[in-house]
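Q: Dumping the structure here so I can ask a few things about it.
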Amino acid sequence: MKSKRLLLVAGGILLAVVVAVLPLLGACAPGEKTLKIGITTPTTGPAAEKGSPMGHANLDCVEYINAELGGVGGYPVEVVWLDNAYDAAKGVTAVKKLMDEGCLMFGTASSKIMSAVMETANRAEFPGIACFTSPVLYHPPQHIYGQLPDYGDDALAFANFYMENIWKGSGKPKFALHLLNNPTGSGARDAFRAKAEELGIEIIATEEHTPTTISEMSSLTRIKALNPDVLFISSTPAPTAVIIKNAYALGMYPGITIGCAHASFTKALIDIAGADIVEGVYGTFPTVMWGEDVPAMAKMTEYCQRLHPKDYGNMDYITSWAQTLVMAEILKLALENVGYDVLAKGDVESWRAIETQGFQKLKDFDAGGLHGTVTYTPGDNRLTTYNRIYQIVNGEITNPSDWVEAPFIKYEGYDWFGQ
Amino acid sequence: MSLPTGTRDYTYAEDMAIIRTKTQWALFTGFLIFLFTTPLYLGNYWLGVANLIGITIIAATGLNILVGYCGQLSIGHAGFIAVGAYTAAILTNRLELPFLVGLICAGLTAGAIGLIFGIPSVRVKGFYLAITTIAAQFIIIWVINHWQVTGGFVGIKVPYASIGGFVFRTEASQFYLIMTIVVLCIFFAKNLARTKVGRAFIAIRDNDLAAQVMGINLFRYKLLAFFIGCFLAGIAGSLLAHWIGFLNAEQFSLTESILYIGMIIIGGLGTTLGPILGVTFLRLLQQVLTMEVVPFLESTVALPAGFASGVTPMLFGLVIILFLILEPRGLAHRWTLFKSSYRLWPFSY
């Protein structure tokens with residue numbers, strides 16, 4: 001009994017010591033003066049094929065900035081990088097951790113994770129930037145920014161391109177939409193809802209599919225009966241491949257124009273569907289292709305081939321490399337405008353400084369030519385509004401169009417938005 | 001209940017007490033002090049993890065009443081959580097009703113929807129019932145995506161929880177709110193298992209034909225189990241909605257539903273402690289693997305491309321398999337064994 005009592009007392013003392021010491025762990029002395037940013041990508045989970053190369057690109061680009069550009073304003077950029085496994089709850093805890101760590105802003109890859117965490121960030125005024133976005137993230141605009149045009153912009157850019165370069169008929173072309181049952185699809189739906197009349201197109205069908213669909217024969221049969229001119233798909237690579245293969249099997253394609261949103265328009269689409277089936281399909285993408293003659297291409301290629309050679313050729317890598325360049329520019333602007341001491345705090349004062357003196361001071365920033373110029377326009381949290389239209393020819397994504405600017409749509413002004 | 005040698009009861013109240021010995025009181029009091037002083041020494045991140053664990057414990061406790069006590073397999077629990085979350089969101093955002101009204105209505109609405117999907121349980125059981133509850137998951141999510149009131153694919157914002165003018169803005173204040181409700185829910189579940197209703201649930205789980213012969217109304221008690229299980233899911237959904245602040249249907253996937261089943265199996269089916277241990281273990285494992293192991297492997301170890309992407313699901317699956325092989329009765333049983341061993345120490349065998 002005596003030993004048992006001793007054990008209980010020892011356990012109690014140990015618990016008390018742990019409770020007393022834990023707060024001190026967070027108070028370790030800081031080391032080198034750095035500018036800290038947070039990145040969270042879906043490196044594991046169902047979107048890992050996109051999230052993994054995007055996370056690599058973020059980290060590789062920071063290494064490039066620190067090694068070859070001397071950091072930002074002489075301060076090394078420090079990254080707190082976290083996986084979110086494409087899970088909303090993990091995304092929320094990840095963003096809380098980034099705030100705890102004193103990061104000045106955070107970047108994410110996907111619209112799903114950003115939509116899950118945006119309220120957490122908005123409530124704390126913690127600014128964030130997402131590569132791929134849907135309109136819901138910044139309508140109304142708060143503390144979340146879109147690096148690239150959103151899924152609604154994709155749809156409108158393609159529709160504009162179609163009307164100017166492909167449509168030769170009379171009257172209104174008939175568009176059928178095949179949309180993923182999440183914000184990727186609803187972004188395109190809302191954009192067409194807002195602008196179809198103005199563009200002079202008629203939406204004759206809106207079908208939905210799931211991310212795991214294995215056949216869309218029935219929905220395409222309904223669409224085929226309506227005799228469309230265009231089938232626009234806003235989805236990810238695997239379902240898009242299913243839809244195009246089914247359209248091919250039904251004899252709809254070739255014969256109509258197929259356009260894809262940027263979430264699906266990657267090499268994976270060609271690999272899954274087969275090059276012969278997707279031949280001639282159009283798609284939007286907001287960055288340049290690998291190998292194009294733009295200033296940032298050489299260093300990006302060098303770092304990619306040295307650090308993550310398997311990612312070479314992946315368009316998502318370009319997106320996140322450019323995202324990191326934009327984040328570095330935001331740091332630079334904020335540093336110039338408010339100085340290091342304000343940013344060193346890593347609290348809400350720093351976040352406000354980053355937002356008002358960094359994000360909102362962006363003007364015509366060129367991210368090494370990797371995508372359209374980056375400018376903040378009051379009331380519009382999309383930092384880039386340019387897309388290009390590509391086409392699949394001989395199994396390659398090629399034939400880039402000029403940059404097509406996406407108009408600003410004030411979705412929150414429509415009664416139906418979010419209802 | 002196994003008790004230390006020499007523990008005697010002199011009244012019925014003593015016999016019925018949940019906490020019986022001085023050591024149990026000391027441990028319980030110590031635990032409550034530890035729990036409610038947690039915000040003093042944890043940052044927002046770990047408080048956020050604790051809040052997520054608390055919310056999940058409430059939902060898992062509901063599922064444990066349904067599956068663990070009453071034996072009605074449900075694989076649509078995330079759908080019922082979604083019903084509660086959206087009910088709270090609509091009431092507090094669109095109708096601007098108080099948080100507590102939203103909370104209670106979230107539980108009642110989820111319970112009512114659970115009753116509807118529980119009706120087939122009278123005629124089918126086992127895998128067949130599982131399929132009907134999977135249907136519930138898909139139907140609920142479809143309705144959320146296509147009903148104007150829920151915000152559809154765009155989603156819906158949810159304000160901070162507030163009671164009587166006090167707004168739960170900080171992670172610490174949310175922690176106190178969530179943990180208070182967790183304690184109340186666990187107290188409810190613990191007592192439910194000791195009532196006539198709880199014993200009827202257990203009788204139905206062990207042999208529903210025998211239970212019916214004994215005079216237990218299967219229809220009534222099975223539906224009651226669905227109502228209680230889904231009521232707690234709704235309460236958890238409401239808290240989740242106010243904690244995250246924004247809802248869309250993608251947050252309530254079938255994978256989450258399956259994960260809840262995994263949590264109560266690992267914790268120990270049919271015990272009050274099981275969901276607490278199972279949820280804590282799996283949520284912490286998820287956090288550690290996702291937040292610590294993957295970044296560490298990606299940044300420091302030269303592994304084949306894509307290895308780190310697969311390491312989390314691999315380890316996660318491995319842990320579940322090992323539990324099912326080595327401790328099929330769950331962590332709660334392991335805890336019982338530890339207590340028994342400790343009582344006999346140093347003469348345990």
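Note on naming: chains are A, B, ... as they come in the structure tokens, residues start from 1 per chain, ligands start from 1 in the order shown.
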Show me, as a list in words, the residues of chain A whose atoms get within 7 Å of chain B, using only C-alpha atoms for the distance check.
A: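 The complete set of qualifying residues is Leu22, Pro23, Thr43, Thr44, Ala48, Trp81, Leu82, Asp83, Asn84, Ala85, Ala88, Thr93, Lys96, Lys97, Asp100, Ala116, Glu119, Thr120, Val136, Asn182, Pro183, Ser186, Gly418 and Gln419 of chain A.
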Q: Generate the output file for the selected residues, C-alpha atoms, as a JSON list (two decimals), in the first residue's frame.
A:
```json
[["chain", "number", "residue", "atom", "x", "y", "z"],
["A", 22, "LEU", "CA", 4.14, 23.33, -20.79],
["A", 23, "PRO", "CA", 3.55, 27.09, -21.06],
["A", 43, "THR", "CA", -0.22, 16.51, -49.86],
["A", 44, "THR", "CA", -2.05, 13.40, -48.69],
["A", 48, "ALA", "CA", -2.68, 14.45, -53.35],
["A", 81, "TRP", "CA", 4.30, 24.02, -44.17],
["A", 82, "LEU", "CA", 1.44, 21.73, -43.15],
["A", 83, "ASP", "CA", -0.45, 19.00, -44.91],
["A", 84, "ASN", "CA", -4.24, 19.25, -44.68],
["A", 85, "ALA", "CA", -5.07, 15.91, -46.34],
["A", 88, "ALA", "CA", -11.92, 20.56, -43.83],
["A", 93, "THR", "CA", -6.64, 23.26, -37.25],
["A", 96, "LYS", "CA", -4.98, 27.90, -36.34],
["A", 97, "LYS", "CA", -1.49, 26.43, -36.05],
["A", 100, "ASP", "CA", -0.13, 30.37, -33.47],
["A", 116, "ALA", "CA", -13.50, 25.49, -45.07],
["A", 119, "GLU", "CA", -14.21, 31.99, -41.83],
["A", 120, "THR", "CA", -11.53, 31.06, -39.30],
["A", 136, "VAL", "CA", -17.69, 32.07, -52.80],
["A", 182, "ASN", "CA", -19.15, 21.22, -55.54],
["A", 183, "PRO", "CA", -17.89, 24.83, -55.81],
["A", 186, "SER", "CA", -21.14, 25.78, -59.08],
["A", 418, "GLY", "CA", -25.76, 31.73, -52.06],
["A", 419, "GLN", "CA", -29.50, 31.07, -51.83]]
```
Q: Which polymer residues have any atom within 10 Å of an atom of segment 237-249 of chain A, counting only C-alpha atoms, with same-chain residues fewer than 4 positions away left out, as an NGL selection string?
A: :A and (178-180 or 209-221 or 223-224 or 231-233 or 253-256 or 258 or 260-274 or 277-278 or 281)
Q: Once DSSP has gone over the backbone, tell me which residues of segment 216-291 of chain B are in alpha helix (DSSP H), as a tab-separated table (two decimals) with N, CA and C atoms, in the first residue's frame.
A:
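Listing of out33.tsv after writing:
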```
chain	number	residue	atom	x	y	z
B	218	LEU	N	-39.83	-3.49	-29.89
B	218	LEU	CA	-38.66	-3.26	-30.76
B	218	LEU	C	-38.79	-1.97	-31.55
B	219	PHE	N	-39.97	-1.75	-32.12
B	219	PHE	CA	-40.18	-0.56	-32.95
B	219	PHE	C	-39.87	0.71	-32.16
B	220	ARG	N	-40.43	0.75	-30.95
B	220	ARG	CA	-40.28	1.94	-30.12
B	220	ARG	C	-38.81	2.15	-29.73
B	221	TYR	N	-38.17	1.09	-29.26
B	221	TYR	CA	-36.81	1.27	-28.73
B	221	TYR	C	-35.77	1.46	-29.84
B	222	LYS	N	-35.98	0.80	-30.96
B	222	LYS	CA	-35.02	1.02	-32.06
B	222	LYS	C	-35.12	2.46	-32.56
B	223	LEU	N	-36.36	2.94	-32.70
B	223	LEU	CA	-36.51	4.33	-33.13
B	223	LEU	C	-35.99	5.30	-32.08
B	224	LEU	N	-36.18	4.95	-30.82
B	224	LEU	CA	-35.66	5.81	-29.75
B	224	LEU	C	-34.13	5.89	-29.83
B	225	ALA	N	-33.51	4.74	-30.12
B	225	ALA	CA	-32.04	4.73	-30.26
B	225	ALA	C	-31.61	5.61	-31.42
B	226	PHE	N	-32.35	5.53	-32.53
B	226	PHE	CA	-32.03	6.39	-33.67
B	226	PHE	C	-32.20	7.86	-33.29
B	227	PHE	N	-33.28	8.15	-32.56
B	227	PHE	CA	-33.52	9.54	-32.20
B	227	PHE	C	-32.40	10.07	-31.30
B	228	ILE	N	-32.06	9.30	-30.27
B	228	ILE	CA	-31.03	9.78	-29.33
B	228	ILE	C	-29.67	9.90	-30.03
B	229	GLY	N	-29.33	8.87	-30.80
B	229	GLY	CA	-28.04	8.88	-31.51
B	229	GLY	C	-27.94	10.07	-32.45
B	230	CYS	N	-29.02	10.33	-33.18
B	230	CYS	CA	-28.99	11.43	-34.15
B	230	CYS	C	-29.16	12.78	-33.45
B	231	PHE	N	-29.85	12.80	-32.31
B	231	PHE	CA	-29.95	14.04	-31.54
B	231	PHE	C	-28.55	14.52	-31.14
B	232	LEU	N	-27.75	13.59	-30.63
B	232	LEU	CA	-26.39	13.97	-30.24
B	232	LEU	C	-25.55	14.36	-31.47
B	233	ALA	N	-25.81	13.67	-32.59
B	233	ALA	CA	-25.11	14.06	-33.83
B	233	ALA	C	-25.48	15.49	-34.20
B	234	GLY	N	-26.75	15.84	-34.03
B	234	GLY	CA	-27.20	17.21	-34.34
B	234	GLY	C	-26.56	18.24	-33.43
B	235	ILE	N	-26.45	17.89	-32.15
B	235	ILE	CA	-25.79	18.81	-31.20
B	235	ILE	C	-24.33	19.02	-31.63
B	236	ALA	N	-23.67	17.91	-31.98
B	236	ALA	CA	-22.27	18.01	-32.44
B	236	ALA	C	-22.20	18.85	-33.71
B	237	GLY	N	-23.17	18.66	-34.61
B	237	GLY	CA	-23.18	19.43	-35.86
B	237	GLY	C	-23.31	20.92	-35.59
B	238	SER	N	-24.19	21.26	-34.65
B	238	SER	CA	-24.37	22.67	-34.31
B	238	SER	C	-23.07	23.29	-33.80
B	239	LEU	N	-22.41	22.58	-32.89
B	239	LEU	CA	-21.15	23.09	-32.34
B	239	LEU	C	-20.08	23.21	-33.43
B	240	LEU	N	-20.05	22.20	-34.32
B	240	LEU	CA	-19.09	22.22	-35.43
B	240	LEU	C	-19.32	23.44	-36.31
B	241	ALA	N	-20.60	23.70	-36.59
B	241	ALA	CA	-20.93	24.84	-37.46
B	241	ALA	C	-20.44	26.15	-36.86
B	242	HIS	N	-20.69	26.34	-35.57
B	242	HIS	CA	-20.27	27.60	-34.94
B	242	HIS	C	-18.76	27.67	-34.78
B	243	TRP	N	-18.13	26.50	-34.65
B	243	TRP	CA	-16.66	26.47	-34.50
B	243	TRP	C	-15.97	26.79	-35.82
B	244	ILE	N	-16.42	26.14	-36.91
B	244	ILE	CA	-15.76	26.38	-38.22
B	244	ILE	C	-16.18	27.73	-38.79
B	254	LEU	N	-18.94	10.66	-46.80
B	254	LEU	CA	-19.13	9.27	-46.38
B	254	LEU	C	-17.89	8.76	-45.63
B	255	THR	N	-16.72	9.25	-46.05
B	255	THR	CA	-15.48	8.86	-45.37
B	255	THR	C	-15.54	9.22	-43.88
B	256	GLU	N	-16.11	10.40	-43.60
B	256	GLU	CA	-16.26	10.81	-42.19
B	256	GLU	C	-17.17	9.84	-41.45
B	257	SER	N	-18.25	9.43	-42.12
B	257	SER	CA	-19.19	8.49	-41.49
B	257	SER	C	-18.48	7.19	-41.13
B	258	ILE	N	-17.66	6.71	-42.05
B	258	ILE	CA	-16.94	5.46	-41.81
B	258	ILE	C	-15.92	5.65	-40.68
B	259	LEU	N	-15.30	6.83	-40.68
B	259	LEU	CA	-14.32	7.13	-39.63
B	259	LEU	C	-14.97	7.06	-38.24
B	260	TYR	N	-16.21	7.54	-38.14
B	260	TYR	CA	-16.91	7.50	-36.85
B	260	TYR	C	-17.10	6.05	-36.38
B	261	ILE	N	-17.41	5.16	-37.32
B	261	ILE	CA	-17.54	3.74	-36.96
B	261	ILE	C	-16.19	3.23	-36.44
B	262	GLY	N	-15.11	3.61	-37.15
B	262	GLY	CA	-13.77	3.20	-36.72
B	262	GLY	C	-13.46	3.69	-35.32
B	263	MET	N	-13.88	4.92	-35.03
B	263	MET	CA	-13.59	5.50	-33.71
B	263	MET	C	-14.25	4.71	-32.59
B	264	ILE	N	-15.52	4.35	-32.77
B	264	ILE	CA	-16.19	3.65	-31.66
B	264	ILE	C	-15.72	2.20	-31.57
B	265	ILE	N	-15.27	1.62	-32.68
B	265	ILE	CA	-14.72	0.25	-32.61
B	265	ILE	C	-13.40	0.27	-31.86
B	266	ILE	N	-12.54	1.21	-32.23
B	266	ILE	CA	-11.23	1.28	-31.57
B	266	ILE	C	-11.38	1.65	-30.09
B	267	GLY	N	-12.33	2.53	-29.80
B	267	GLY	CA	-12.54	2.92	-28.42
B	267	GLY	C	-13.16	1.81	-27.59
B	273	LEU	N	-16.89	5.04	-22.04
B	273	LEU	CA	-15.51	5.50	-22.19
B	273	LEU	C	-14.99	5.30	-23.61
B	274	GLY	N	-15.54	4.30	-24.30
B	274	GLY	CA	-15.03	3.93	-25.63
B	274	GLY	C	-14.95	5.10	-26.60
B	275	PRO	N	-16.06	5.82	-26.83
B	275	PRO	CA	-15.98	6.93	-27.79
B	275	PRO	C	-14.95	7.98	-27.40
B	276	ILE	N	-14.81	8.22	-26.09
B	276	ILE	CA	-13.84	9.25	-25.65
B	276	ILE	C	-12.43	8.82	-26.04
B	277	LEU	N	-12.10	7.57	-25.72
B	277	LEU	CA	-10.74	7.09	-26.01
B	277	LEU	C	-10.52	6.93	-27.51
B	278	GLY	N	-11.53	6.38	-28.20
B	278	GLY	CA	-11.39	6.15	-29.65
B	278	GLY	C	-11.23	7.45	-30.41
B	279	VAL	N	-12.07	8.42	-30.07
B	279	VAL	CA	-12.00	9.72	-30.76
B	279	VAL	C	-10.67	10.41	-30.46
B	280	THR	N	-10.29	10.43	-29.20
B	280	THR	CA	-9.04	11.11	-28.83
B	280	THR	C	-7.86	10.46	-29.55
B	281	PHE	N	-7.84	9.14	-29.52
B	281	PHE	CA	-6.73	8.42	-30.15
B	281	PHE	C	-6.67	8.70	-31.66
B	282	LEU	N	-7.81	8.54	-32.34
B	282	LEU	CA	-7.78	8.68	-33.80
B	282	LEU	C	-7.58	10.13	-34.24
B	283	ARG	N	-8.22	11.06	-33.57
B	283	ARG	CA	-8.03	12.46	-33.96
B	283	ARG	C	-6.58	12.90	-33.73
B	284	LEU	N	-6.00	12.47	-32.60
B	284	LEU	CA	-4.60	12.84	-32.35
B	284	LEU	C	-3.68	12.16	-33.35
B	285	LEU	N	-3.98	10.91	-33.67
B	285	LEU	CA	-3.18	10.19	-34.67
B	285	LEU	C	-3.23	10.92	-36.01
B	286	GLN	N	-4.45	11.33	-36.39
B	286	GLN	CA	-4.60	12.08	-37.64
B	286	GLN	C	-3.76	13.35	-37.62
B	287	GLN	N	-3.86	14.08	-36.51
B	287	GLN	CA	-3.13	15.35	-36.43
B	287	GLN	C	-1.64	15.13	-36.48
```
Q: List the neighbours of Asp311 of chain A out to 10 Å using only C-alpha atoms; skip same-chain residues closer than 4 positions along the sequence, and give me the result as a list in words.
A: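 Using only C-alpha atoms, the neighbours found are Ser52, Pro53, Met54, His56, Ala57, Thr301, Cys304, Gln305, Leu307, Met315, Asp316, Tyr317 and Ile318 of chain A; Ala305 of chain B.
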Q: Which one is closest to Asn337 of chain A: A:Gly73, A:Gly146, A:Gly372, A:Gly379? Count only C-alpha atoms.
A: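 Among the listed residues, A:Gly73 lies closest to Asn337 of chain A.
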